[in-house]
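S.K.: Here you go, this is run.txt (compact mmCIF, C-alpha atoms).
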# COMPACT_ATOMS: atom_id res chain seq x y z
CA MET A 1 -27.94 -2.41 15.61
CA PRO A 2 -25.10 -3.59 17.88
CA GLU A 3 -22.32 -1.09 18.56
CA LYS A 4 -19.40 -1.40 16.11
CA THR A 5 -16.31 -1.90 18.22
CA LEU A 6 -12.75 -3.00 17.56
CA GLU A 7 -14.01 -6.57 17.16
CA THR A 8 -16.28 -5.54 14.28
CA LEU A 9 -13.41 -3.64 12.68
CA PHE A 10 -11.05 -6.59 13.12
CA HIS A 11 -13.56 -8.95 11.49
CA ASP A 12 -14.26 -6.52 8.60
CA THR A 13 -10.55 -6.00 7.92
CA LEU A 14 -9.93 -9.74 8.10
CA LYS A 15 -12.55 -10.25 5.35
CA ASP A 16 -10.87 -7.51 3.33
CA ILE A 17 -7.37 -9.07 3.47
CA TYR A 18 -8.82 -12.56 2.91
CA TYR A 19 -10.33 -11.32 -0.34
CA ALA A 20 -7.07 -9.54 -1.19
CA GLU A 21 -4.88 -12.62 -0.60
CA ARG A 22 -7.06 -14.73 -2.87
CA GLN A 23 -6.88 -12.12 -5.62
CA ILE A 24 -3.09 -12.00 -5.19
CA LEU A 25 -3.01 -15.80 -5.48
CA LYS A 26 -4.65 -15.49 -8.90
CA ALA A 27 -2.45 -12.59 -10.03
CA LEU A 28 0.99 -14.00 -9.14
CA PRO A 29 1.09 -16.73 -11.82
CA LYS A 30 0.32 -14.04 -14.45
CA MET A 31 3.14 -11.88 -13.06
CA ALA A 32 5.50 -14.90 -13.08
CA ARG A 33 4.58 -15.75 -16.70
CA GLY A 34 5.07 -12.13 -17.73
CA ALA A 35 8.45 -11.61 -16.04
CA LYS A 36 11.54 -11.90 -18.22
CA SER A 37 14.16 -12.36 -15.49
CA PRO A 38 14.35 -15.96 -14.23
CA ASP A 39 15.08 -14.59 -10.72
CA LEU A 40 11.95 -12.43 -10.75
CA LYS A 41 9.88 -15.36 -12.10
CA ALA A 42 11.22 -17.49 -9.24
CA ALA A 43 10.46 -14.75 -6.69
CA PHE A 44 6.84 -14.53 -7.88
CA GLU A 45 6.47 -18.32 -7.85
CA LYS A 46 7.91 -18.57 -4.34
CA HIS A 47 5.57 -15.83 -3.15
CA ARG A 48 2.61 -17.60 -4.74
CA ASP A 49 3.36 -20.64 -2.59
CA GLN A 50 3.71 -18.45 0.50
CA THR A 51 0.41 -16.76 -0.32
CA GLU A 52 -1.36 -20.14 -0.18
CA VAL A 53 -0.10 -20.48 3.38
CA HIS A 54 -1.20 -16.90 4.16
CA VAL A 55 -4.73 -17.80 3.04
CA GLU A 56 -4.67 -20.85 5.32
CA ARG A 57 -3.46 -18.77 8.26
CA LEU A 58 -6.33 -16.34 7.71
CA GLN A 59 -8.75 -19.29 7.73
CA GLN A 60 -7.30 -20.23 11.13
CA VAL A 61 -7.89 -16.70 12.39
CA PHE A 62 -11.52 -16.87 11.23
CA GLU A 63 -11.78 -20.16 13.12
CA ILE A 64 -10.39 -18.57 16.29
CA LEU A 65 -13.06 -15.86 15.92
CA GLY A 66 -15.71 -18.54 15.41
CA LYS A 67 -16.71 -16.98 12.08
CA PRO A 68 -16.86 -18.48 8.58
CA ALA A 69 -13.89 -17.61 6.35
CA ARG A 70 -15.48 -15.16 3.95
CA GLY A 71 -14.00 -12.37 1.85
CA LYS A 72 -15.35 -8.91 1.18
CA THR A 73 -14.53 -7.04 -2.02
CA CYS A 74 -11.48 -4.89 -1.37
CA GLU A 75 -11.21 -2.00 -3.80
CA ALA A 76 -7.64 -1.25 -2.77
CA ILE A 77 -6.29 -4.59 -3.96
CA GLU A 78 -8.31 -4.35 -7.18
CA GLY A 79 -6.60 -1.03 -7.90
CA LEU A 80 -3.14 -2.27 -6.90
CA LEU A 81 -3.41 -5.39 -9.06
CA ALA A 82 -4.76 -3.33 -11.95
CA GLU A 83 -1.47 -1.40 -11.86
CA GLY A 84 0.44 -4.67 -12.25
CA GLU A 85 -1.76 -5.61 -15.22
CA GLU A 86 -1.10 -2.20 -16.73
CA ILE A 87 2.67 -2.74 -16.49
CA LEU A 88 2.30 -6.21 -18.07
CA ASP A 89 0.36 -4.62 -20.88
CA GLU A 90 2.20 -1.34 -21.47
CA PHE A 91 5.75 -2.65 -20.97
CA LYS A 92 5.37 -6.01 -22.74
CA GLY A 93 8.62 -6.77 -24.58
CA GLN A 94 10.17 -3.56 -23.23
CA THR A 95 13.46 -3.11 -21.40
CA ALA A 96 11.85 -1.80 -18.20
CA LEU A 97 9.19 -4.54 -17.90
CA ASP A 98 10.76 -6.40 -14.97
CA ALA A 99 11.63 -3.24 -13.02
CA GLY A 100 7.99 -2.19 -13.41
CA LEU A 101 6.60 -5.58 -12.37
CA ALA A 102 8.78 -5.65 -9.26
CA SER A 103 7.64 -2.15 -8.28
CA ALA A 104 3.96 -3.08 -8.75
CA ALA A 105 4.53 -6.17 -6.58
CA GLN A 106 6.18 -4.03 -3.90
CA ALA A 107 3.13 -1.75 -3.77
CA VAL A 108 1.02 -4.88 -3.14
CA GLU A 109 3.45 -6.06 -0.43
CA HIS A 110 3.21 -2.69 1.27
CA TYR A 111 -0.56 -2.87 1.29
CA GLU A 112 -0.36 -6.26 2.96
CA MET A 113 2.24 -5.02 5.46
CA ALA A 114 -0.11 -2.18 6.46
CA ARG A 115 -3.04 -4.57 6.82
CA TYR A 116 -1.21 -7.33 8.74
CA GLY A 117 0.48 -4.75 10.99
CA THR A 118 -2.90 -3.28 11.92
CA LEU A 119 -4.59 -6.67 12.32
CA ALA A 120 -1.78 -7.99 14.54
CA ARG A 121 -2.04 -4.94 16.83
CA TRP A 122 -5.84 -5.29 17.01
CA ALA A 123 -5.56 -9.02 17.78
CA GLY A 124 -3.23 -8.14 20.67
CA GLU A 125 -5.66 -5.52 21.95
CA LEU A 126 -8.52 -8.05 21.72
CA GLY A 127 -6.51 -10.65 23.65
CA LEU A 128 -6.41 -13.03 20.65
CA LYS A 129 -2.82 -14.15 21.21
CA ASP A 130 -2.90 -17.14 18.81
CA ALA A 131 -4.41 -15.02 16.05
CA GLN A 132 -1.78 -12.36 16.70
CA LYS A 133 1.02 -14.92 16.28
CA LEU A 134 -0.39 -16.08 12.93
CA LEU A 135 -0.74 -12.51 11.69
CA VAL A 136 2.77 -11.53 12.80
CA THR A 137 4.26 -14.57 11.02
CA THR A 138 2.62 -13.52 7.75
CA LEU A 139 3.64 -9.89 8.32
CA GLN A 140 7.26 -10.98 8.62
CA GLU A 141 7.03 -12.98 5.37
CA GLU A 142 5.50 -10.04 3.49
CA THR A 143 8.25 -7.77 4.81
CA LYS A 144 10.94 -10.23 3.70
CA THR A 145 9.36 -10.52 0.25
CA ASP A 146 9.42 -6.75 -0.09
CA GLU A 147 13.09 -6.63 0.96
CA ALA A 148 13.99 -9.44 -1.45
CA LEU A 149 12.33 -7.51 -4.30
CA THR A 150 14.35 -4.41 -3.41
CA VAL A 151 17.58 -6.43 -3.52
CA LEU A 152 16.60 -7.96 -6.86
CA ALA A 153 15.60 -4.59 -8.31
CA GLU A 154 18.79 -2.86 -7.21
CA GLY A 155 21.06 -5.77 -8.12
CA SER A 156 19.75 -6.63 -11.56
CA LEU A 157 16.31 -5.44 -12.68
CA ASN A 158 16.95 -1.67 -12.53
CA PRO A 159 20.39 -1.85 -14.16
CA ALA A 160 18.91 -4.08 -16.90
CA ALA A 161 16.16 -1.52 -17.45
CA MET A 162 18.79 1.13 -18.18
CA ALA A 163 20.33 -0.62 -21.15
CA ALA A 164 18.18 0.33 -24.13
CA MET B 165 7.75 3.65 -30.91
CA PRO B 166 10.79 4.46 -28.74
CA GLU B 167 11.99 1.74 -26.40
CA LYS B 168 10.46 1.94 -22.91
CA THR B 169 13.35 2.07 -20.46
CA LEU B 170 13.73 2.94 -16.81
CA GLU B 171 13.30 6.60 -17.70
CA THR B 172 9.84 5.94 -19.17
CA LEU B 173 8.92 3.91 -16.10
CA PHE B 174 10.20 6.64 -13.78
CA HIS B 175 8.16 9.28 -15.58
CA ASP B 176 5.00 7.09 -15.63
CA THR B 177 5.30 6.33 -11.91
CA LEU B 178 5.91 10.00 -11.14
CA LYS B 179 2.63 10.87 -12.90
CA ASP B 180 0.92 8.14 -10.90
CA ILE B 181 2.10 9.41 -7.48
CA TYR B 182 1.44 13.02 -8.51
CA TYR B 183 -2.17 12.10 -9.16
CA ALA B 184 -2.26 10.12 -5.91
CA GLU B 185 -0.88 12.98 -3.78
CA ARG B 186 -3.46 15.39 -5.16
CA GLN B 187 -6.28 12.95 -4.38
CA ILE B 188 -4.86 12.50 -0.85
CA LEU B 189 -4.82 16.29 -0.47
CA LYS B 190 -8.57 16.32 -1.15
CA ALA B 191 -9.28 13.31 1.09
CA LEU B 192 -7.41 14.40 4.24
CA PRO B 193 -9.75 17.27 5.24
CA LYS B 194 -12.69 14.81 5.03
CA MET B 195 -10.79 12.37 7.25
CA ALA B 196 -9.94 15.18 9.70
CA ARG B 197 -13.58 16.32 9.84
CA GLY B 198 -14.73 12.72 10.38
CA ALA B 199 -12.25 11.83 13.13
CA LYS B 200 -13.53 12.01 16.72
CA SER B 201 -10.18 12.11 18.53
CA PRO B 202 -8.62 15.60 18.59
CA ASP B 203 -5.17 13.96 18.25
CA LEU B 204 -6.20 12.08 15.12
CA LYS B 205 -7.80 15.22 13.67
CA ALA B 206 -4.54 17.07 14.31
CA ALA B 207 -2.50 14.26 12.72
CA PHE B 208 -4.62 14.39 9.55
CA GLU B 209 -4.38 18.19 9.42
CA LYS B 210 -0.62 18.13 9.87
CA HIS B 211 -0.31 15.51 7.14
CA ARG B 212 -2.49 17.60 4.84
CA ASP B 213 0.03 20.45 5.15
CA GLN B 214 2.92 18.03 4.53
CA THR B 215 1.13 16.67 1.47
CA GLU B 216 1.05 20.16 -0.06
CA VAL B 217 4.84 20.18 0.20
CA HIS B 218 5.02 16.66 -1.28
CA VAL B 219 3.08 17.91 -4.31
CA GLU B 220 5.52 20.81 -4.68
CA ARG B 221 8.51 18.45 -4.43
CA LEU B 222 7.02 16.31 -7.20
CA GLN B 223 6.64 19.44 -9.34
CA GLN B 224 10.37 20.05 -8.80
CA VAL B 225 11.13 16.48 -9.92
CA PHE B 226 9.07 17.03 -13.09
CA GLU B 227 11.09 20.21 -13.64
CA ILE B 228 14.37 18.31 -13.26
CA LEU B 229 13.08 15.85 -15.88
CA GLY B 230 12.12 18.76 -18.14
CA LYS B 231 8.52 17.48 -18.30
CA PRO B 232 5.24 19.21 -17.43
CA ALA B 233 3.82 18.24 -14.01
CA ARG B 234 0.91 16.07 -15.03
CA GLY B 235 -0.95 13.30 -13.20
CA LYS B 236 -2.23 10.01 -14.54
CA THR B 237 -5.24 8.26 -13.00
CA CYS B 238 -3.97 5.86 -10.38
CA GLU B 239 -6.46 3.10 -9.64
CA ALA B 240 -4.58 2.01 -6.53
CA ILE B 241 -5.11 5.30 -4.72
CA GLU B 242 -8.75 5.42 -5.80
CA GLY B 243 -9.26 2.02 -4.16
CA LEU B 244 -7.28 2.92 -1.05
CA LEU B 245 -9.17 6.18 -0.53
CA ALA B 246 -12.48 4.40 -1.16
CA GLU B 247 -11.66 2.23 1.85
CA GLY B 248 -11.29 5.33 4.00
CA GLU B 249 -14.65 6.64 2.74
CA GLU B 250 -16.21 3.28 3.58
CA ILE B 251 -14.93 3.51 7.17
CA LEU B 252 -16.27 7.08 7.46
CA ASP B 253 -19.62 5.82 6.25
CA GLU B 254 -19.95 2.45 7.98
CA PHE B 255 -18.42 3.44 11.33
CA LYS B 256 -19.96 6.92 11.66
CA GLY B 257 -20.81 7.51 15.33
CA GLN B 258 -19.36 4.11 16.26
CA THR B 259 -16.77 3.30 18.91
CA ALA B 260 -14.22 1.95 16.42
CA LEU B 261 -14.42 4.86 13.93
CA ASP B 262 -11.04 6.41 14.76
CA ALA B 263 -9.18 3.08 14.88
CA GLY B 264 -10.59 2.35 11.42
CA LEU B 265 -9.70 5.77 10.02
CA ALA B 266 -6.12 5.49 11.28
CA SER B 267 -5.77 2.04 9.69
CA ALA B 268 -7.12 3.28 6.36
CA ALA B 269 -4.63 6.17 6.49
CA GLN B 270 -1.78 3.76 7.22
CA ALA B 271 -2.66 1.74 4.12
CA VAL B 272 -2.36 4.97 2.11
CA GLU B 273 0.98 5.79 3.80
CA HIS B 274 2.29 2.35 2.91
CA TYR B 275 1.32 2.82 -0.71
CA GLU B 276 3.24 6.07 -0.77
CA MET B 277 6.23 4.50 0.97
CA ALA B 278 6.35 1.80 -1.72
CA ARG B 279 6.13 4.38 -4.50
CA TYR B 280 8.65 6.86 -3.09
CA GLY B 281 11.06 4.03 -2.22
CA THR B 282 10.94 2.78 -5.80
CA LEU B 283 11.15 6.25 -7.33
CA ALA B 284 14.13 7.22 -5.15
CA ARG B 285 16.02 4.07 -6.21
CA TRP B 286 15.21 4.69 -9.87
CA ALA B 287 16.31 8.34 -9.59
CA GLY B 288 19.64 7.11 -8.19
CA GLU B 289 20.02 4.62 -11.02
CA LEU B 290 19.24 7.37 -13.56
CA GLY B 291 21.84 9.69 -12.00
CA LEU B 292 19.17 12.22 -10.94
CA LYS B 293 20.75 13.02 -7.58
CA ASP B 294 18.66 16.14 -6.83
CA ALA B 295 15.45 14.33 -7.66
CA GLN B 296 16.55 11.44 -5.48
CA LYS B 297 17.09 13.77 -2.52
CA LEU B 298 13.60 15.25 -2.90
CA LEU B 299 12.03 11.80 -3.12
CA VAL B 300 13.95 10.48 -0.10
CA THR B 301 12.87 13.49 1.99
CA THR B 302 9.22 12.78 1.24
CA LEU B 303 9.74 9.06 1.84
CA GLN B 304 11.08 9.84 5.32
CA GLU B 305 8.06 12.04 6.08
CA GLU B 306 5.62 9.36 4.95
CA THR B 307 7.43 6.79 7.09
CA LYS B 308 7.27 9.09 10.13
CA THR B 309 3.55 9.73 9.55
CA ASP B 310 2.95 5.98 9.48
CA GLU B 311 4.91 5.52 12.71
CA ALA B 312 3.06 8.38 14.40
CA LEU B 313 -0.28 6.78 13.45
CA THR B 314 0.87 3.47 14.97
CA VAL B 315 1.78 5.23 18.23
CA LEU B 316 -1.57 7.05 18.28
CA ALA B 317 -3.50 3.84 17.51
CA GLU B 318 -1.74 1.81 20.18
CA GLY B 319 -1.77 4.57 22.77
CA SER B 320 -5.35 5.75 22.50
CA LEU B 321 -7.45 4.88 19.43
CA ASN B 322 -7.43 1.08 19.76
CA PRO B 323 -8.07 1.08 23.53
CA ALA B 324 -10.92 3.59 22.98
CA ALA B 325 -12.38 1.29 20.32
CA MET B 326 -12.60 -1.52 22.88
CA ALA B 327 -14.91 0.30 25.28
CA ALA B 328 -18.44 -0.28 23.97
Let me see the structure of the file written as structure tokens.
M.R.:
Amino acid sequence: MPEKTLETLFHDTLKDIYYAERQILKALPKMARGAKSPDLKAAFEKHRDQTEVHVERLQQVFEILGKPARGKTCEAIEGLLAEGEEILDEFKGQTALDAGLASAAQAVEHYEMARYGTLARWAGELGLKDAQKLLVTTLQEETKTDEALTVLAEGSLNPAAMAA
Amino acid sequence: MPEKTLETLFHDTLKDIYYAERQILKALPKMARGAKSPDLKAAFEKHRDQTEVHVERLQQVFEILGKPARGKTCEAIEGLLAEGEEILDEFKGQTALDAGLASAAQAVEHYEMARYGTLARWAGELGLKDAQKLLVTTLQEETKTDEALTVLAEGSLNPAAMAA
């Protein structure tokens, strides 16, 4: 068995986030359909389009590594997306639905921020400068998405959830 | 059925993070035992002690709400902690073990940061100023833990994971 070094870990984690991004790609249209607020719908739709690009960037990182783009079941994203489904289900038609959907989406964003932050640092350590650039670009987009959801939640979704 | 408003959502999410914190409390000693680096061991042990206080703060928030402190199975944390277990298992005795453990812990920190950020905003919206203060204090500690793990990873764990 070859020694498992940072390169092994980088490749494993890349497969993990690749799987996660493709699950997110499937989940976002459901979240957009479920959302009541047109602004939240639009935010989910915009992020769906961004996520397609994130998947492509990951494919480029696999290419840089000289490995096939392949996912690996990621239990964390399964659990995080299950929480979104639960909100869709339990808060359907309820005042706090959108506030709940935005918070579930922010938990997903934070997972991605953790993953891309780690991967970008590892790419730097491994001397994979082009891969690092791709990962940092996605990290910045995930961070902006999270911030935009906070603004939306504070500005309209949370106040709307108060009015019974 | 009463209307589900922001208060319902706040209470549901509080139960979710209460469950999560108690699972984290059980997981951290395993992570500390598994870690090779004395600094990483110490970081996990310190965070275990902080987590005990986070649990107590949540109990105070339940008290403010006038509700019993009760958890609710949180699939997200199950998945996130399963990833840590996987690293412990698959990288046991391997060069990149500590880098992997730190990254798994940072994914957990990010989940908590998302949750506490949301809960603190909701507490503010609901006029629960004391609860908000407690939640913000924990949020700041989770953020610092995440930052400390980044410093440790960059300074020693990632470079150590390179040397095969």
S.K.: Extract, using all atoms listed in the file, all DNA, RNA and protein residues at most 6 Å from Thr5 of chain A, discarding same-chain residues fewer than 4 positions from it, and format them as a list in words.
M.R.: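 Here the answer would be Thr259, Ala260, Ala325 and Met326 of chain B.
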S.K.: Determine, for each residue of chain B having at least one atom at most 7 Å from an atom of chain A, the closest pair of atoms and their separation in Å to one decimal, counting only C-alpha atoms; order by chain and ascending number, as CSV.
M.R.:
residue,atom,partner,partner_atom,distance
B:Glu167,CA,A:Gln94,CA,6.4
B:Lys168,CA,A:Gln94,CA,5.5
B:Thr169,CA,A:Ala96,CA,4.7
B:Leu170,CA,A:Ala161,CA,5.1
B:Leu173,CA,A:Gly100,CA,6.7
B:Glu239,CA,A:Gly79,CA,4.5
B:Ala240,CA,A:Gly79,CA,3.9
B:Gly243,CA,A:Ala76,CA,3.9
B:Leu244,CA,A:Ala76,CA,4.5
B:Phe255,CA,A:Lys4,CA,6.9
B:Gln258,CA,A:Lys4,CA,5.5
B:Thr259,CA,A:Thr5,CA,5.3
B:Ala260,CA,A:Thr5,CA,4.7
B:Gly264,CA,A:Leu9,CA,6.7
B:Ser267,CA,A:Thr118,CA,6.4
B:Gln270,CA,A:Ala114,CA,6.2
B:Ala271,CA,A:Ala114,CA,5.2
B:His274,CA,A:His110,CA,5.4
B:Tyr275,CA,A:Ala107,CA,5.8
B:Ala278,CA,A:Ala107,CA,5.2
B:Arg279,CA,A:Ala107,CA,6.9
B:Thr282,CA,A:Ser103,CA,6.4
B:Ala325,CA,A:Leu6,CA,5.1
B:Met326,CA,A:Leu6,CA,5.5
B:Ala328,CA,A:Thr5,CA,6.3
S.K.: Output the selection as a PDB file, in the frame of the given file - C-alpha atoms for each residue.
M.R.:
ATOM      1  CA  GLU B 167      11.990   1.740 -26.400  1.00  0.00           C
ATOM      2  CA  LYS B 168      10.460   1.940 -22.910  1.00  0.00           C
ATOM      3  CA  THR B 169      13.350   2.070 -20.460  1.00  0.00           C
ATOM      4  CA  LEU B 170      13.730   2.940 -16.810  1.00  0.00           C
ATOM      5  CA  LEU B 173       8.920   3.910 -16.100  1.00  0.00           C
ATOM      6  CA  GLU B 239      -6.460   3.100  -9.640  1.00  0.00           C
ATOM      7  CA  ALA B 240      -4.580   2.010  -6.530  1.00  0.00           C
ATOM      8  CA  GLY B 243      -9.260   2.020  -4.160  1.00  0.00           C
ATOM      9  CA  LEU B 244      -7.280   2.920  -1.050  1.00  0.00           C
ATOM     10  CA  PHE B 255     -18.420   3.440  11.330  1.00  0.00           C
ATOM     11  CA  GLN B 258     -19.360   4.110  16.260  1.00  0.00           C
ATOM     12  CA  THR B 259     -16.770   3.300  18.910  1.00  0.00           C
ATOM     13  CA  ALA B 260     -14.220   1.950  16.420  1.00  0.00           C
ATOM     14  CA  GLY B 264     -10.590   2.350  11.420  1.00  0.00           C
ATOM     15  CA  SER B 267      -5.770   2.040   9.690  1.00  0.00           C
ATOM     16  CA  GLN B 270      -1.780   3.760   7.220  1.00  0.00           C
ATOM     17  CA  ALA B 271      -2.660   1.740   4.120  1.00  0.00           C
ATOM     18  CA  HIS B 274       2.290   2.350   2.910  1.00  0.00           C
ATOM     19  CA  TYR B 275       1.320   2.820  -0.710  1.00  0.00           C
ATOM     20  CA  ALA B 278       6.350   1.800  -1.720  1.00  0.00           C
ATOM     21  CA  ARG B 279       6.130   4.380  -4.500  1.00  0.00           C
ATOM     22  CA  THR B 282      10.940   2.780  -5.800  1.00  0.00           C
ATOM     23  CA  ALA B 325     -12.380   1.290  20.320  1.00  0.00           C
ATOM     24  CA  MET B 326     -12.600  -1.520  22.880  1.00  0.00           C
ATOM     25  CA  ALA B 328     -18.440  -0.280  23.970  1.00  0.00           C
TER      26      ALA B 328
END
S.K.: Can you give chain B as a compact mmCIF listing (two decimals) with C-alpha atoms, in the frame of the given file after you superpose it on chain A, pairing all C-alpha atoms in order for the least-squares fit?
M.R.:
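What follows is the written file superposed-v6.txt:
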# COMPACT_ATOMS: atom_id res chain seq x y z
CA MET B 165 -27.94 -2.40 15.57
CA PRO B 166 -25.11 -3.57 17.85
CA GLU B 167 -22.33 -1.10 18.54
CA LYS B 168 -19.40 -1.39 16.12
CA THR B 169 -16.29 -1.89 18.22
CA LEU B 170 -12.75 -3.01 17.55
CA GLU B 171 -14.01 -6.56 17.16
CA THR B 172 -16.28 -5.54 14.27
CA LEU B 173 -13.42 -3.63 12.68
CA PHE B 174 -11.06 -6.59 13.12
CA HIS B 175 -13.54 -8.95 11.49
CA ASP B 176 -14.25 -6.52 8.60
CA THR B 177 -10.54 -6.01 7.93
CA LEU B 178 -9.93 -9.75 8.08
CA LYS B 179 -12.56 -10.25 5.35
CA ASP B 180 -10.87 -7.52 3.34
CA ILE B 181 -7.37 -9.08 3.47
CA TYR B 182 -8.82 -12.56 2.90
CA TYR B 183 -10.33 -11.32 -0.34
CA ALA B 184 -7.07 -9.54 -1.18
CA GLU B 185 -4.89 -12.62 -0.60
CA ARG B 186 -7.08 -14.73 -2.86
CA GLN B 187 -6.89 -12.13 -5.63
CA ILE B 188 -3.09 -12.00 -5.19
CA LEU B 189 -3.01 -15.80 -5.48
CA LYS B 190 -4.66 -15.49 -8.91
CA ALA B 191 -2.45 -12.58 -10.01
CA LEU B 192 0.98 -14.00 -9.13
CA PRO B 193 1.10 -16.73 -11.82
CA LYS B 194 0.31 -14.04 -14.44
CA MET B 195 3.14 -11.89 -13.07
CA ALA B 196 5.50 -14.90 -13.08
CA ARG B 197 4.58 -15.76 -16.68
CA GLY B 198 5.08 -12.11 -17.72
CA ALA B 199 8.45 -11.59 -16.02
CA LYS B 200 11.55 -11.88 -18.23
CA SER B 201 14.16 -12.35 -15.51
CA PRO B 202 14.36 -15.95 -14.23
CA ASP B 203 15.08 -14.57 -10.73
CA LEU B 204 11.94 -12.43 -10.76
CA LYS B 205 9.88 -15.35 -12.10
CA ALA B 206 11.21 -17.48 -9.25
CA ALA B 207 10.44 -14.75 -6.69
CA PHE B 208 6.83 -14.53 -7.88
CA GLU B 209 6.46 -18.32 -7.84
CA LYS B 210 7.90 -18.58 -4.34
CA HIS B 211 5.56 -15.84 -3.15
CA ARG B 212 2.61 -17.61 -4.75
CA ASP B 213 3.35 -20.66 -2.59
CA GLN B 214 3.71 -18.44 0.50
CA THR B 215 0.40 -16.77 -0.31
CA GLU B 216 -1.36 -20.14 -0.18
CA VAL B 217 -0.11 -20.48 3.39
CA HIS B 218 -1.21 -16.90 4.17
CA VAL B 219 -4.73 -17.81 3.05
CA GLU B 220 -4.67 -20.86 5.32
CA ARG B 221 -3.46 -18.77 8.27
CA LEU B 222 -6.34 -16.35 7.71
CA GLN B 223 -8.75 -19.31 7.73
CA GLN B 224 -7.29 -20.24 11.14
CA VAL B 225 -7.88 -16.69 12.38
CA PHE B 226 -11.52 -16.88 11.22
CA GLU B 227 -11.76 -20.17 13.12
CA ILE B 228 -10.38 -18.56 16.29
CA LEU B 229 -13.05 -15.86 15.90
CA GLY B 230 -15.70 -18.54 15.41
CA LYS B 231 -16.71 -16.97 12.07
CA PRO B 232 -16.88 -18.49 8.58
CA ALA B 233 -13.89 -17.62 6.35
CA ARG B 234 -15.47 -15.16 3.96
CA GLY B 235 -13.98 -12.37 1.85
CA LYS B 236 -15.35 -8.92 1.18
CA THR B 237 -14.53 -7.03 -2.03
CA CYS B 238 -11.49 -4.90 -1.37
CA GLU B 239 -11.22 -2.00 -3.79
CA ALA B 240 -7.64 -1.25 -2.76
CA ILE B 241 -6.30 -4.59 -3.96
CA GLU B 242 -8.31 -4.36 -7.17
CA GLY B 243 -6.61 -1.03 -7.90
CA LEU B 244 -3.16 -2.27 -6.89
CA LEU B 245 -3.42 -5.39 -9.04
CA ALA B 246 -4.76 -3.32 -11.94
CA GLU B 247 -1.48 -1.41 -11.84
CA GLY B 248 0.44 -4.65 -12.25
CA GLU B 249 -1.76 -5.61 -15.22
CA GLU B 250 -1.11 -2.20 -16.74
CA ILE B 251 2.67 -2.74 -16.49
CA LEU B 252 2.31 -6.21 -18.07
CA ASP B 253 0.36 -4.62 -20.89
CA GLU B 254 2.20 -1.34 -21.47
CA PHE B 255 5.75 -2.65 -20.96
CA LYS B 256 5.38 -6.01 -22.74
CA GLY B 257 8.64 -6.75 -24.58
CA GLN B 258 10.18 -3.53 -23.24
CA THR B 259 13.48 -3.09 -21.41
CA ALA B 260 11.87 -1.80 -18.21
CA LEU B 261 9.19 -4.53 -17.91
CA ASP B 262 10.76 -6.39 -14.97
CA ALA B 263 11.63 -3.23 -13.02
CA GLY B 264 7.99 -2.18 -13.40
CA LEU B 265 6.61 -5.57 -12.37
CA ALA B 266 8.79 -5.65 -9.25
CA SER B 267 7.63 -2.15 -8.28
CA ALA B 268 3.97 -3.08 -8.75
CA ALA B 269 4.53 -6.16 -6.57
CA GLN B 270 6.17 -4.03 -3.88
CA ALA B 271 3.12 -1.77 -3.77
CA VAL B 272 1.01 -4.89 -3.13
CA GLU B 273 3.46 -6.07 -0.43
CA HIS B 274 3.22 -2.69 1.28
CA TYR B 275 -0.55 -2.87 1.29
CA GLU B 276 -0.36 -6.25 2.96
CA MET B 277 2.23 -5.03 5.46
CA ALA B 278 -0.11 -2.19 6.46
CA ARG B 279 -3.04 -4.57 6.84
CA TYR B 280 -1.22 -7.33 8.74
CA GLY B 281 0.48 -4.75 10.99
CA THR B 282 -2.89 -3.28 11.91
CA LEU B 283 -4.58 -6.66 12.32
CA ALA B 284 -1.78 -7.99 14.54
CA ARG B 285 -2.05 -4.94 16.83
CA TRP B 286 -5.83 -5.28 17.00
CA ALA B 287 -5.55 -9.01 17.76
CA GLY B 288 -3.23 -8.14 20.66
CA GLU B 289 -5.65 -5.52 21.94
CA LEU B 290 -8.52 -8.04 21.71
CA GLY B 291 -6.51 -10.65 23.65
CA LEU B 292 -6.40 -13.02 20.64
CA LYS B 293 -2.82 -14.14 21.21
CA ASP B 294 -2.89 -17.13 18.81
CA ALA B 295 -4.40 -15.02 16.05
CA GLN B 296 -1.78 -12.36 16.70
CA LYS B 297 1.02 -14.90 16.28
CA LEU B 298 -0.39 -16.08 12.94
CA LEU B 299 -0.74 -12.51 11.70
CA VAL B 300 2.77 -11.52 12.81
CA THR B 301 4.26 -14.56 11.02
CA THR B 302 2.63 -13.52 7.76
CA LEU B 303 3.64 -9.90 8.32
CA GLN B 304 7.27 -10.99 8.62
CA GLU B 305 7.03 -12.98 5.39
CA GLU B 306 5.51 -10.05 3.51
CA THR B 307 8.25 -7.77 4.82
CA LYS B 308 10.95 -10.23 3.71
CA THR B 309 9.35 -10.53 0.25
CA ASP B 310 9.42 -6.75 -0.08
CA GLU B 311 13.08 -6.64 0.96
CA ALA B 312 13.99 -9.44 -1.44
CA LEU B 313 12.32 -7.53 -4.30
CA THR B 314 14.35 -4.42 -3.41
CA VAL B 315 17.58 -6.43 -3.52
CA LEU B 316 16.60 -7.98 -6.86
CA ALA B 317 15.60 -4.59 -8.31
CA GLU B 318 18.79 -2.87 -7.22
CA GLY B 319 21.06 -5.77 -8.11
CA SER B 320 19.76 -6.64 -11.55
CA LEU B 321 16.32 -5.43 -12.69
CA ASN B 322 16.94 -1.67 -12.53
CA PRO B 323 20.40 -1.84 -14.16
CA ALA B 324 18.92 -4.08 -16.91
CA ALA B 325 16.15 -1.52 -17.45
CA MET B 326 18.78 1.14 -18.19
CA ALA B 327 20.33 -0.63 -21.16
CA ALA B 328 18.18 0.30 -24.17
S.K.: One decimal, Å: what's the distance from atom CA of Glu21 of chain A over to atom CA of Glu52 of chain A, could you say?
M.R.: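 Going from atom CA of Glu21 of chain A over to atom CA of Glu52 of chain A covers 8.3 Å.
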S.K.: One decimal, Å: what's the distance from atom CA of Glu311 of chain B over to atom CA of Asp294 of chain B, could you say?
M.R.: 26.1 Å
